[in-house]
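The structure appears below as structure tokens.
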Amino acid sequence: MAQRIVCTMMVRILLLGSVMALDVLGKPKFPDEEKNPSFWNMWAQRSLKQALQLQELNKNVAKNIILFLGDGMGIPTVTAARILKGQLSGQSGEEFQMEMDKFPYVALSKTYNTDAQVPDSAGTATAYLCGVKANEGTLGLSAAAVRSQCNTTQGNEVTSILKWAKDAGKSVGIVTTTRINHATPSAAYAHCADRDWFSDNEMPPEAVDAGCKDIARQLFENIPEIDVIMGGGRKYMFPMDTPDVEYPTEKQHFGTRKDGRNLVREWKERMKEKRAHYVWNKKELLSLNPSKADYILGLFEPSDLPYNLERNKETDPSLTEMVDVALKILKKNPNGFFLLVEGGRIDHGHHDGKAKQALHETVEMDRAIGRAGLLTSTHETLTVVTADHSHVFNFGGYTRRGNNIFGLAPMMSDIDQKPFTSILYGNGPGFKLIDGLRENVSTVDYQQNNYQAQSAVPLRFETHGGEDVAVFSKGPMAHLLHGVQEQNYIPHVMAYAACVGQNHEHCGSSSSSAVSPRPSPATTAISTLAAALTLAWLHC
Ligand SMILES: *[C@@H]1O[C@H](CO)[C@@H](O)[C@H](O)[C@H]1NC(C)=O
Ligand SMILES: *[C@@H]1O[C@H](CO)[C@@H](O)[C@H](O)[C@H]1NC(C)=O
């Protein structure tokens, strides 16, 4: 009898394991199983088995590299987004596994800039894309450059993994939910003393006169023919006062360029002999046949894309939809590809104190990670998921298991006798006093999309956080991303794995095609599970 119960449980757990591994949406409810030690023992034993398999290292040459960058996705954000994603699928949430959670290797990345303990996104982007730590606010320049000083640009340029990959004959792409000339994507192609020099309109005239180039221009001039470009930032490509194609009557969306150039028209002209497509809405994007398109320029908004929760599902593509098309285009190159994907508005949600927006942005990036996993194999693709920096965001308050992630802590403050949300910010716009006292959150709708969680210090924009961020990795040489590392170590590993940039000594004359095929760890894990499942049935 006891054996039968254990057997049933074993089968159920293995089934659950396969459901999780295959990412079929099941709705496991644990409470009863969790009282039985064998539930936890078997789960842990399964994890142990998977860990033991990692002793056979994947030392293939990475034909492809994908870097997912969650802007501002600190570890508290990852944990809270995991609970949210689990709760969205009907689970209590804590036990849920996000796509990034399934990656076998994790490291910590130290994010400080050369001149800042708590970093900004430009200096950090230079680190994880160009392999060199830099000053805050500067893009694709070493720490010898000074923010906003045009005359410190020349001679201090550093190049990115995107360029190294392109020079090695790979296709390259950038997909982001921010404007394409925002800090993260810019460090992949630009060398700019100021991250805010989006077009010449945002530059001081002296800098333009001294020959410094705005970021939008550099997107098309520095690394000609970036194969895939998708994001926002349309207005920086068009001459001043040009009405926007999507919002023709809204002045704030008009073109910004003082030099009168139309960078989109120039791109189309330059690419007209090639299978190149400019698209500006979801319909155009999804009607493209990726097997017949080699280059794509997709600019879906005048500035940043909307939050995923507020996205117009008819006109705006999701991050997952953009990544899907990007990969189908890039995959055609027999030499492989490099793709940078940014979940760029996690950061914006936090800056606004809007945790719900930030966490839904994180969930959407995780969906995109899942899609990329289906379109690639760990046999030949190194995938890295990380963040540039954290935020002063956290959740706590001894909430019960399964508590709504946007809900209240189970007790009142023993000082002011008022309730408080589990999610809180160290600083930011959510600081609120009513008649000199902390707001009673029971009187407001703290579950709504744009609720600003309470903060200890009032600030118009919540700030970045200074603690380490996680680096998740899978695929060839992923094991090299281990331990506590400086952030600029990341592209050195990616380049080594792919035999691009300065790392060739270990590559020999063979290319990725010479590596003998072997099943990916994911395939192995699934077949192991299937075998175990069969065994368990037979045994019972
Ligand atoms: C660079 O320009 C700044 C003004 O933006 C000036 O103060 C500085 O002296 C210049 N540096 C050099 C090396 O010319
Ligand atoms: C907070 O608001 C709730 C709901 O209106 C009310 O029942 C409670 O007494 C308030 N607490 C304090 C300390 O004002």
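Please note that chains go A, B, ... in the order of the structure tokens, that every chain numbers its residues from 1, and that ligands are numbered from 1 in the order shown.
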Exercise for the section: Compute the set of protein, DNA and RNA residues whose minimum atom distance to ligand 1 is at most 8 Å, using only C-alpha atoms and all ligand atoms, and state it as an MDAnalysis selection string. Expected result: chainID A and resid 148:152
Practice task
Mind checking which residues fall within 6 Å of Leu129 of chain A, counting only C-alpha atoms, ignoring those fewer than 5 positions away in the same chain, and posting them as a ChimeraX atom specification?
Solution key: /A:160-161,491
Problem - For ligand 2, the nearest of the candidates A:His506, A:Lys313, A:Arg438, A:Arg460, counting only C-alpha atoms and all ligand atoms - result: A:Arg438
Find the spatial neighbours of Gly343 of chain A, counting only C-alpha atoms, within a cut-off of 8 Å - ignore same-chain residues fewer than 3 positions away - and output them as an mmCIF file with C-alpha atoms, in the first residue's frame.
```
data_model
loop_
_atom_site.group_PDB
_atom_site.id
_atom_site.type_symbol
_atom_site.label_atom_id
_atom_site.label_comp_id
_atom_site.auth_asym_id
_atom_site.auth_seq_id
_atom_site.Cartn_x
_atom_site.Cartn_y
_atom_site.Cartn_z
ATOM 1 C CA PHE A 68 19.208 38.755 -23.627
ATOM 2 C CA LEU A 69 19.621 41.916 -21.599
ATOM 3 C CA GLY A 70 16.935 42.776 -19.082
ATOM 4 C CA ASP A 71 17.520 46.467 -18.455
ATOM 5 C CA THR A 176 14.796 46.162 -28.281
ATOM 6 C CA THR A 177 11.627 47.558 -26.720
ATOM 7 C CA LEU A 319 9.218 41.359 -27.895
ATOM 8 C CA ILE A 346 11.797 46.768 -17.139
ATOM 9 C CA GLU A 361 8.044 43.450 -19.039
ATOM 10 C CA THR A 362 10.268 40.828 -17.401
ATOM 11 C CA MET A 365 11.287 38.903 -21.992
#
```
Practice task
Throw together the list of residues within 12 Å of ligand 2, counting only C-alpha atoms and all ligand atoms, and drop it here as a PyMOL selection string.
Solution key: chain A and resi 411-420+434-435+437-445
Practice task
Would you work out the distance separating atom CA of Gly430 of chain A from atom CA of Pro458 of chain A, expressed in Å to one decimal?
Solution key: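 Computing the Euclidean distance for atom CA of Gly430 of chain A and atom CA of Pro458 of chain A yields 7.1 Å.
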Practice task
Per DSSP on the backbone, filter segment 388-528 of chain A down to the residues in alpha helix (DSSP H) and report them as a PyMOL selection string.
Solution key: chain A and resi 489-498+521-528
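Using only C-alpha atoms for every distance, the candidate list A:Met73, A:Ala293, A:Ala478, A:Ala62 yields A:Met73 as the residue closest to His350 of chain A.
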Handout entry: Residues flagged strand (DSSP E) by DSSP in segment 272-399 of chain A, as number ranges by chain
Key = A: 276-279, 295-299, 337-343, 381-387, 390-391, 393-395
Handout entry: Selection near Pro476 of chain A, 6 Å with only C-alpha atoms, sequence-local residues under 4 positions removed, as a PyMOL selection string
Key = chain A and resi 58-60+62+382
Take the residues from that selection and put them in a file with N, CA and C atoms, as a tab-separated table (two decimals), in the first residue's frame.
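The resulting file, selection-v2.tsv, is shown below:
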```tsv
chain	number	residue	atom	x	y	z
A	58	ASN	N	30.00	21.12	-22.51
A	58	ASN	CA	29.73	21.45	-23.90
A	58	ASN	C	30.82	22.40	-24.38
A	59	LYS	N	31.82	21.82	-25.08
A	59	LYS	CA	32.95	22.63	-25.55
A	59	LYS	C	32.88	22.86	-27.05
A	60	ASN	N	31.70	22.73	-27.60
A	60	ASN	CA	31.52	23.04	-29.03
A	60	ASN	C	31.90	24.49	-29.31
A	62	ALA	N	30.59	27.86	-30.53
A	62	ALA	CA	29.26	28.46	-30.63
A	62	ALA	C	29.11	29.09	-32.01
A	382	LEU	N	25.11	29.60	-28.00
A	382	LEU	CA	25.35	30.06	-26.63
A	382	LEU	C	24.32	31.15	-26.34
```
Residues near Leu141 of chain A, cut-off 7 Å, only C-alpha atoms, skip fewer than 5 positions along chain, as a PDB file with C-alpha atoms, in the first residue's frame:
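Below you can see around17.pdb, which holds the result:
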```pdb
ATOM      1  CA  ALA A 134      33.705  52.625 -18.865  1.00  0.00           C
ATOM      2  CA  THR A 153      35.869  60.592 -28.339  1.00  0.00           C
ATOM      3  CA  ASN A 156      39.139  56.109 -27.246  1.00  0.00           C
ATOM      4  CA  GLU A 157      36.730  53.949 -29.277  1.00  0.00           C
ATOM      5  CA  VAL A 158      36.210  50.336 -28.255  1.00  0.00           C
ATOM      6  CA  HIS A 191      31.033  55.524 -30.000  1.00  0.00           C
ATOM      7  CA  CYS A 192      29.520  58.492 -28.282  1.00  0.00           C
TER       8      CYS A 192
END
```
Practice task
Go through A:Ser473, A:Thr178, A:Thr421, A:Thr249 and flag the residue nearest Gly373 of chain A, using only C-alpha atoms for the distances.
Solution key: A:Ser473
Closest-contact table, segment 295-320 of chain A side, partner segment 227-245 of chain A, 10 Å, counting only C-alpha atoms, as CSV:
```
residue,atom,partner,partner_atom,distance
A:Tyr295,CA,A:Asp227,CA,4.7
A:Ile296,CA,A:Val228,CA,5.0
A:Leu297,CA,A:Ile229,CA,4.9
A:Gly298,CA,A:Met230,CA,4.5
A:Leu299,CA,A:Gly232,CA,5.0
A:Phe300,CA,A:Gly232,CA,5.2
A:Glu301,CA,A:Gly232,CA,4.6
A:Pro302,CA,A:Arg234,CA,4.2
A:Ser303,CA,A:Gly233,CA,4.2
A:Asp304,CA,A:Gly232,CA,5.0
A:Leu305,CA,A:Gly232,CA,5.7
A:Pro306,CA,A:Gly232,CA,9.4
A:Pro317,CA,A:Gly231,CA,9.6
A:Leu319,CA,A:Gly231,CA,9.1
```
Practice task
Work out how far apart atom CA of Asp366 of chain A and atom CA of Gln97 of chain A are and give it in Å to one decimal.
Solution key: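 We find that atom CA of Asp366 of chain A and atom CA of Gln97 of chain A lie 10.5 Å from each other.
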Handout entry: Option closest in space to Lys63 of chain A, from A:Lys283, A:Val469, A:Ala165, A:Leu309 [counting only C-alpha atoms]
Key =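 That would be A:Ala165, the residue with the smallest distance to Lys63 of chain A.
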Handout entry: Near-Val325 of chain A list (8 Å; only C-alpha atoms; drop same-chain fewer than 5 positions) as a list in words
Key = Leu285, Leu286 and Pro290 of chain A
Please produce an output containing N, CA, C and O atoms for each residue in the selection, written as an mmCIF file, in the first residue's frame.
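The resulting part26.cif:
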```cif
data_model
loop_
_atom_site.group_PDB
_atom_site.id
_atom_site.type_symbol
_atom_site.label_atom_id
_atom_site.label_comp_id
_atom_site.auth_asym_id
_atom_site.auth_seq_id
_atom_site.Cartn_x
_atom_site.Cartn_y
_atom_site.Cartn_z
ATOM 1 N N LEU A 285 5.409 43.600 -40.224
ATOM 2 C CA LEU A 285 6.445 42.696 -39.710
ATOM 3 C C LEU A 285 6.034 41.245 -39.894
ATOM 4 O O LEU A 285 6.802 40.421 -40.398
ATOM 5 N N LEU A 286 4.793 40.928 -39.490
ATOM 6 C CA LEU A 286 4.373 39.530 -39.512
ATOM 7 C C LEU A 286 4.002 39.049 -40.911
ATOM 8 O O LEU A 286 3.892 37.846 -41.151
ATOM 9 N N PRO A 290 10.277 35.425 -43.657
ATOM 10 C CA PRO A 290 11.687 35.509 -43.243
ATOM 11 C C PRO A 290 12.634 34.765 -44.178
ATOM 12 O O PRO A 290 13.814 35.117 -44.264
#
```
